[in-house]
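**Student:** Data file final-v9.cif (mmCIF, N, CA and C atoms) is appended below.
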```cif
data_run
#
loop_
_atom_site.label_atom_id
_atom_site.label_comp_id
_atom_site.auth_asym_id
_atom_site.auth_seq_id
_atom_site.Cartn_x
_atom_site.Cartn_y
_atom_site.Cartn_z
N MET E 13 -11.89 17.07 -6.03
CA MET E 13 -12.94 16.07 -5.88
C MET E 13 -13.91 16.50 -4.79
N THR E 14 -14.50 17.65 -4.96
CA THR E 14 -15.39 18.17 -3.93
C THR E 14 -16.69 17.39 -3.84
N ARG E 15 -17.05 16.71 -4.91
CA ARG E 15 -18.32 15.97 -4.89
C ARG E 15 -18.11 14.46 -4.69
N SER E 16 -16.94 14.07 -4.31
CA SER E 16 -16.70 12.64 -4.13
C SER E 16 -17.38 12.16 -2.86
N ARG E 17 -17.76 10.92 -2.86
CA ARG E 17 -18.38 10.31 -1.69
C ARG E 17 -17.96 8.85 -1.60
N ARG E 18 -18.07 8.31 -0.42
CA ARG E 18 -17.71 6.92 -0.19
C ARG E 18 -18.78 6.04 -0.83
N LYS E 19 -18.36 5.15 -1.74
CA LYS E 19 -19.32 4.32 -2.43
C LYS E 19 -19.88 3.22 -1.53
N THR E 20 -19.02 2.65 -0.71
CA THR E 20 -19.48 1.64 0.24
C THR E 20 -19.15 2.12 1.64
N PRO E 21 -20.14 2.25 2.51
CA PRO E 21 -19.89 2.77 3.86
C PRO E 21 -19.26 1.72 4.77
N ILE E 22 -18.01 1.38 4.50
CA ILE E 22 -17.27 0.44 5.34
C ILE E 22 -16.18 1.23 6.04
N VAL E 23 -16.15 1.15 7.36
CA VAL E 23 -15.19 1.93 8.14
C VAL E 23 -14.42 1.01 9.09
N GLY E 24 -13.27 1.48 9.55
CA GLY E 24 -12.42 0.68 10.44
C GLY E 24 -12.86 0.75 11.89
N TYR E 25 -12.49 -0.27 12.67
CA TYR E 25 -12.80 -0.35 14.09
C TYR E 25 -11.77 0.43 14.90
N SER E 26 -11.65 1.70 14.70
CA SER E 26 -10.63 2.44 15.41
C SER E 26 -10.85 3.93 15.26
N THR E 27 -10.13 4.69 16.07
CA THR E 27 -10.14 6.13 15.91
C THR E 27 -9.03 6.58 14.98
N ALA E 28 -8.19 5.66 14.55
CA ALA E 28 -7.10 6.00 13.64
C ALA E 28 -7.67 6.35 12.27
N CYS E 29 -7.20 7.42 11.69
CA CYS E 29 -7.69 7.85 10.37
C CYS E 29 -7.11 7.00 9.25
N SER E 30 -5.87 6.59 9.41
CA SER E 30 -5.19 5.92 8.32
C SER E 30 -4.22 4.87 8.85
N GLU E 31 -3.95 3.90 8.02
CA GLU E 31 -2.95 2.88 8.35
C GLU E 31 -1.67 3.09 7.54
N ALA E 32 -1.50 4.27 7.00
CA ALA E 32 -0.37 4.54 6.10
C ALA E 32 0.97 4.28 6.80
N ASP E 33 1.13 4.74 8.04
CA ASP E 33 2.40 4.51 8.75
C ASP E 33 2.64 3.03 8.99
N ASP E 34 1.58 2.31 9.38
CA ASP E 34 1.71 0.87 9.60
C ASP E 34 2.09 0.14 8.31
N LYS E 35 1.47 0.53 7.21
CA LYS E 35 1.78 -0.11 5.93
C LYS E 35 3.20 0.21 5.50
N ARG E 36 3.64 1.44 5.75
CA ARG E 36 5.00 1.83 5.39
C ARG E 36 6.01 0.98 6.16
N LEU E 37 5.79 0.80 7.47
CA LEU E 37 6.69 -0.03 8.27
C LEU E 37 6.65 -1.48 7.82
N TRP E 38 5.47 -1.99 7.50
CA TRP E 38 5.33 -3.37 7.07
C TRP E 38 6.11 -3.61 5.77
N HIS E 39 5.96 -2.71 4.80
CA HIS E 39 6.67 -2.88 3.54
C HIS E 39 8.18 -2.75 3.74
N LYS E 40 8.59 -1.90 4.65
CA LYS E 40 10.02 -1.74 4.93
C LYS E 40 10.59 -3.05 5.47
N ARG E 41 9.89 -3.68 6.43
CA ARG E 41 10.32 -4.96 6.99
C ARG E 41 10.32 -6.06 5.94
N TRP E 42 9.26 -6.07 5.11
CA TRP E 42 9.13 -7.09 4.09
C TRP E 42 10.27 -7.00 3.07
N ARG E 43 10.59 -5.77 2.63
CA ARG E 43 11.69 -5.59 1.69
C ARG E 43 13.04 -5.99 2.30
N ALA E 44 13.22 -5.70 3.59
CA ALA E 44 14.47 -6.09 4.26
C ALA E 44 14.60 -7.61 4.31
N HIS E 45 13.52 -8.33 4.60
CA HIS E 45 13.57 -9.79 4.62
C HIS E 45 13.86 -10.34 3.22
N GLU E 46 13.24 -9.76 2.20
CA GLU E 46 13.50 -10.19 0.82
C GLU E 46 14.97 -9.96 0.46
N ARG E 47 15.50 -8.79 0.81
CA ARG E 47 16.89 -8.46 0.52
C ARG E 47 17.84 -9.43 1.21
N ASP E 48 17.58 -9.73 2.49
CA ASP E 48 18.43 -10.66 3.22
C ASP E 48 18.39 -12.05 2.60
N GLN E 49 17.21 -12.47 2.18
CA GLN E 49 17.09 -13.79 1.58
C GLN E 49 17.83 -13.85 0.24
N LEU E 50 17.71 -12.81 -0.56
CA LEU E 50 18.41 -12.80 -1.85
C LEU E 50 19.92 -12.76 -1.66
N ALA E 51 20.40 -12.08 -0.62
CA ALA E 51 21.83 -12.01 -0.37
C ALA E 51 22.37 -13.35 0.13
N GLY E 52 21.54 -14.16 0.75
CA GLY E 52 22.01 -15.40 1.35
C GLY E 52 21.98 -16.62 0.44
N ILE E 53 21.39 -16.52 -0.75
CA ILE E 53 21.33 -17.69 -1.62
C ILE E 53 22.54 -17.72 -2.54
N GLY E 54 22.86 -18.89 -3.02
CA GLY E 54 23.99 -19.07 -3.93
C GLY E 54 23.59 -18.71 -5.36
N PRO E 55 24.55 -18.85 -6.29
CA PRO E 55 24.27 -18.48 -7.69
C PRO E 55 23.23 -19.40 -8.35
N ASP E 56 23.17 -20.67 -7.93
CA ASP E 56 22.19 -21.57 -8.54
C ASP E 56 20.99 -21.82 -7.62
N GLY E 57 20.90 -21.08 -6.53
CA GLY E 57 19.78 -21.23 -5.60
C GLY E 57 18.52 -20.55 -6.11
N ASP E 58 17.41 -21.05 -5.66
CA ASP E 58 16.12 -20.49 -6.07
C ASP E 58 15.51 -19.76 -4.86
N PRO E 59 15.27 -18.45 -4.96
CA PRO E 59 14.73 -17.72 -3.80
C PRO E 59 13.27 -18.08 -3.52
N MET E 60 12.96 -18.22 -2.27
CA MET E 60 11.58 -18.46 -1.84
C MET E 60 10.97 -17.12 -1.44
N PRO E 61 9.78 -16.83 -1.90
CA PRO E 61 9.17 -15.54 -1.54
C PRO E 61 8.84 -15.50 -0.04
N VAL E 62 8.97 -14.32 0.53
CA VAL E 62 8.65 -14.12 1.94
C VAL E 62 7.15 -13.90 2.05
N HIS E 63 6.49 -14.70 2.86
CA HIS E 63 5.05 -14.55 3.05
C HIS E 63 4.76 -13.35 3.95
N ARG E 64 3.67 -12.67 3.69
CA ARG E 64 3.38 -11.44 4.46
C ARG E 64 3.16 -11.72 5.94
N GLN E 65 2.68 -12.91 6.31
CA GLN E 65 2.45 -13.21 7.73
C GLN E 65 3.75 -13.46 8.48
N GLU E 66 4.85 -13.71 7.77
CA GLU E 66 6.15 -13.88 8.43
C GLU E 66 6.66 -12.55 8.98
N VAL E 67 6.24 -11.46 8.37
CA VAL E 67 6.77 -10.15 8.69
C VAL E 67 5.87 -9.39 9.67
N SER E 68 4.56 -9.47 9.48
CA SER E 68 3.65 -8.69 10.30
C SER E 68 2.27 -9.34 10.31
N SER E 69 1.44 -8.81 11.16
CA SER E 69 0.07 -9.28 11.25
C SER E 69 -0.86 -8.07 11.12
N THR E 70 -2.01 -8.27 10.52
CA THR E 70 -2.96 -7.16 10.39
C THR E 70 -3.48 -6.73 11.75
N TRP E 71 -3.40 -7.60 12.74
CA TRP E 71 -3.88 -7.25 14.08
C TRP E 71 -2.90 -6.33 14.81
N ASP E 72 -1.68 -6.20 14.30
CA ASP E 72 -0.71 -5.29 14.90
C ASP E 72 -0.90 -3.85 14.41
N MET E 73 -1.72 -3.67 13.41
CA MET E 73 -1.89 -2.33 12.83
C MET E 73 -2.91 -1.52 13.63
N ALA E 74 -3.04 -0.24 13.28
CA ALA E 74 -3.88 0.68 14.05
C ALA E 74 -5.36 0.32 13.98
N LYS E 75 -5.82 -0.16 12.84
CA LYS E 75 -7.22 -0.56 12.71
C LYS E 75 -7.31 -2.07 12.85
N ASP E 76 -8.28 -2.53 13.61
CA ASP E 76 -8.40 -3.95 13.87
C ASP E 76 -9.30 -4.68 12.89
N GLY E 77 -9.86 -4.01 11.98
CA GLY E 77 -10.75 -4.64 11.01
C GLY E 77 -11.73 -3.61 10.50
N LYS E 78 -12.70 -4.06 9.76
CA LYS E 78 -13.67 -3.14 9.20
C LYS E 78 -15.08 -3.67 9.42
N HIS E 79 -16.03 -2.75 9.41
CA HIS E 79 -17.43 -3.14 9.52
C HIS E 79 -18.30 -2.24 8.66
N TRP E 80 -19.47 -2.73 8.37
CA TRP E 80 -20.44 -2.02 7.55
C TRP E 80 -21.15 -1.00 8.43
N PHE E 81 -21.15 0.26 8.01
CA PHE E 81 -21.82 1.33 8.75
C PHE E 81 -22.97 1.78 7.87
N ALA E 82 -24.13 1.18 8.08
CA ALA E 82 -25.30 1.40 7.22
C ALA E 82 -25.72 2.87 7.24
N PRO E 83 -26.13 3.40 6.09
CA PRO E 83 -26.51 4.81 6.01
C PRO E 83 -27.66 5.20 6.94
N HIS E 84 -28.63 4.31 7.14
CA HIS E 84 -29.72 4.67 8.06
C HIS E 84 -29.24 4.74 9.51
N ARG E 85 -28.25 3.94 9.85
CA ARG E 85 -27.66 4.02 11.19
C ARG E 85 -26.82 5.28 11.34
N GLN E 86 -26.16 5.71 10.25
CA GLN E 86 -25.40 6.95 10.29
C GLN E 86 -26.31 8.12 10.60
N GLN E 87 -27.46 8.17 9.93
CA GLN E 87 -28.40 9.26 10.13
C GLN E 87 -28.91 9.28 11.57
N ALA E 88 -29.29 8.12 12.09
CA ALA E 88 -29.82 8.04 13.45
C ALA E 88 -28.76 8.45 14.48
N LEU E 89 -27.53 8.00 14.28
CA LEU E 89 -26.46 8.33 15.21
C LEU E 89 -26.13 9.83 15.16
N ALA E 90 -26.12 10.40 13.95
CA ALA E 90 -25.87 11.83 13.81
C ALA E 90 -26.95 12.65 14.53
N GLU E 91 -28.20 12.24 14.43
CA GLU E 91 -29.29 12.93 15.11
C GLU E 91 -29.14 12.85 16.63
N ARG E 92 -28.79 11.67 17.13
CA ARG E 92 -28.61 11.51 18.58
C ARG E 92 -27.47 12.37 19.11
N ILE E 93 -26.32 12.34 18.41
CA ILE E 93 -25.16 13.12 18.85
C ILE E 93 -25.47 14.61 18.81
N ALA E 94 -26.11 15.06 17.73
CA ALA E 94 -26.44 16.48 17.60
C ALA E 94 -27.44 16.92 18.66
N ALA E 95 -28.41 16.08 18.98
CA ALA E 95 -29.39 16.43 20.01
C ALA E 95 -28.74 16.53 21.38
N ARG E 96 -27.76 15.70 21.63
CA ARG E 96 -27.07 15.72 22.92
C ARG E 96 -26.15 16.93 23.06
N ARG E 97 -25.52 17.35 21.95
CA ARG E 97 -24.52 18.41 22.02
C ARG E 97 -25.08 19.82 21.87
N SER E 98 -26.21 20.00 21.22
CA SER E 98 -26.69 21.36 21.00
C SER E 98 -28.19 21.46 21.24
N LYS E 99 -28.64 22.65 21.63
CA LYS E 99 -30.05 22.89 21.91
C LYS E 99 -30.76 23.60 20.77
N LEU E 100 -30.02 24.43 20.02
CA LEU E 100 -30.63 25.20 18.95
C LEU E 100 -30.76 24.36 17.68
N LYS E 101 -31.89 24.49 17.01
CA LYS E 101 -32.17 23.68 15.83
C LYS E 101 -31.19 23.92 14.68
N PRO E 102 -30.84 25.18 14.33
CA PRO E 102 -29.88 25.38 13.23
C PRO E 102 -28.50 24.78 13.55
N GLU E 103 -28.08 24.92 14.80
CA GLU E 103 -26.79 24.36 15.20
C GLU E 103 -26.82 22.83 15.12
N ARG E 104 -27.95 22.27 15.53
CA ARG E 104 -28.12 20.81 15.49
C ARG E 104 -28.04 20.29 14.05
N LYS E 105 -28.72 20.98 13.14
CA LYS E 105 -28.70 20.57 11.73
C LYS E 105 -27.29 20.68 11.13
N ALA E 106 -26.58 21.75 11.48
CA ALA E 106 -25.22 21.93 10.98
C ALA E 106 -24.30 20.83 11.51
N LEU E 107 -24.45 20.46 12.77
CA LEU E 107 -23.63 19.40 13.36
C LEU E 107 -23.95 18.06 12.71
N GLN E 108 -25.23 17.79 12.46
CA GLN E 108 -25.61 16.56 11.76
C GLN E 108 -24.97 16.49 10.39
N ALA E 109 -25.01 17.60 9.66
CA ALA E 109 -24.43 17.63 8.32
C ALA E 109 -22.92 17.39 8.36
N ARG E 110 -22.23 17.99 9.34
CA ARG E 110 -20.78 17.78 9.47
C ARG E 110 -20.45 16.33 9.79
N LEU E 111 -21.21 15.73 10.70
CA LEU E 111 -20.97 14.33 11.06
C LEU E 111 -21.20 13.40 9.86
N LEU E 112 -22.30 13.60 9.16
CA LEU E 112 -22.59 12.75 8.01
C LEU E 112 -21.54 12.93 6.92
N ALA E 113 -21.10 14.15 6.70
CA ALA E 113 -20.05 14.38 5.69
C ALA E 113 -18.76 13.68 6.07
N LYS E 114 -18.43 13.70 7.35
CA LYS E 114 -17.21 13.06 7.83
C LYS E 114 -17.30 11.54 7.64
N TRP E 115 -18.42 10.96 8.00
CA TRP E 115 -18.58 9.51 7.92
C TRP E 115 -18.69 9.02 6.48
N ARG E 116 -19.23 9.84 5.62
CA ARG E 116 -19.42 9.44 4.23
C ARG E 116 -18.24 9.80 3.36
N GLY E 117 -17.21 10.39 3.95
CA GLY E 117 -15.98 10.68 3.24
C GLY E 117 -16.06 11.88 2.30
N LYS E 118 -16.92 12.82 2.61
CA LYS E 118 -17.05 14.01 1.75
C LYS E 118 -16.12 15.09 2.20
#
```
Represent the structure from my file as structure tokens, please.
**Tutor:**
Amino acid sequence: MTRSRRKTPIVGYSTACSEADDKRLWHKRWRAHERDQLAGIGPDGDPMPVHRQEVSSTWDMAKDGKHWFAPHRQQALAERIAARRSKLKPERKALQARLLAKWRGK
């Protein structure tokens, strides 16, 4: 998928790349609570589903939420960062391209 791109520029409020580990732990806890509940009911008992907020909170995860990162703001920020980090024009353009590719998920 070399030509794939992010369709909606929504990014997380964090330096964490992924919440995969947090989600894995959350599902592990959730399944354990479900298993315990199923083991504790009688033969004619009706199991109650475990609500996701009983097990974890989204605020405990690595990313605290998401925000819209508008494409025109991406371009302006990439230009500012590149101007600050490099003096040569070709190097500046290459840095801008790398930053925009990173932010747009390419």
**Student:** Between atom N of E:Leu37 and atom CA of E:Glu66, measure the distance and give it in Å to one decimal.
**Tutor:**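 Rounded to one decimal, the two atoms are 14.7 Å apart.
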**Student:** So the first atom is atom N of E:Arg36 and the second is atom C of E:Pro61; what is the distance between them in Å, to one decimal place?
**Tutor:**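 Spanning atom N of E:Arg36 to atom C of E:Pro61 is a straight-line distance of 18.6 Å.
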**Student:** What's the separation between atom N of E:Ser68 and atom N of E:Gly54, in Å to one decimal place?
**Tutor:** 24.1 Å
**Student:** Let's see if you can do this: from backbone DSSP, list all helix (DSSP H, G or I) residues in chain E, as a ChimeraX atom specification.
**Tutor:** /E:32-52,64-67,70-72,83-97,101-115
**Student:** Which neighbours of stretch 94-96 of chain E fall inside 6.5 Å, counting all atoms listed in the file, when residues of the same chain fewer than 5 positions from it are skipped, and could you give them as a list in words?
**Tutor:**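 Listed by chain and then number, they are Leu89, Arg104, Leu107 and Gln108 of chain E.
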**Student:** Residues picked by the PyMOL selection byres (((chain E and resi 78 and name CA) around 8) and name CA) here, as a JSON list (two decimals) with N, CA and C atoms, in the coordinates of the input?
**Tutor:**
```
[["chain", "number", "residue", "atom", "x", "y", "z"],
["E", 22, "ILE", "N", -18.01, 1.38, 4.50],
["E", 22, "ILE", "CA", -17.27, 0.44, 5.34],
["E", 22, "ILE", "C", -16.18, 1.23, 6.04],
["E", 23, "VAL", "N", -16.15, 1.15, 7.36],
["E", 23, "VAL", "CA", -15.19, 1.93, 8.14],
["E", 23, "VAL", "C", -14.42, 1.01, 9.09],
["E", 24, "GLY", "N", -13.27, 1.48, 9.55],
["E", 24, "GLY", "CA", -12.42, 0.68, 10.44],
["E", 24, "GLY", "C", -12.86, 0.75, 11.89],
["E", 25, "TYR", "N", -12.49, -0.27, 12.67],
["E", 25, "TYR", "CA", -12.80, -0.35, 14.09],
["E", 25, "TYR", "C", -11.77, 0.43, 14.90],
["E", 75, "LYS", "N", -5.82, -0.16, 12.84],
["E", 75, "LYS", "CA", -7.22, -0.56, 12.71],
["E", 75, "LYS", "C", -7.31, -2.07, 12.85],
["E", 76, "ASP", "N", -8.28, -2.53, 13.61],
["E", 76, "ASP", "CA", -8.40, -3.95, 13.87],
["E", 76, "ASP", "C", -9.30, -4.68, 12.89],
["E", 77, "GLY", "N", -9.86, -4.01, 11.98],
["E", 77, "GLY", "CA", -10.75, -4.64, 11.01],
["E", 77, "GLY", "C", -11.73, -3.61, 10.50],
["E", 79, "HIS", "N", -16.03, -2.75, 9.41],
["E", 79, "HIS", "CA", -17.43, -3.14, 9.52],
["E", 79, "HIS", "C", -18.30, -2.24, 8.66],
["E", 80, "TRP", "N", -19.47, -2.73, 8.37],
["E", 80, "TRP", "CA", -20.44, -2.02, 7.55],
["E", 80, "TRP", "C", -21.15, -1.00, 8.43]]
```
**Student:** If DSSP is run on the backbone, what residues of chain E are strand (DSSP E or B)? A reply as an MDAnalysis selection string would be ideal.
**Tutor:** chainID E and resid 22:24 78:80
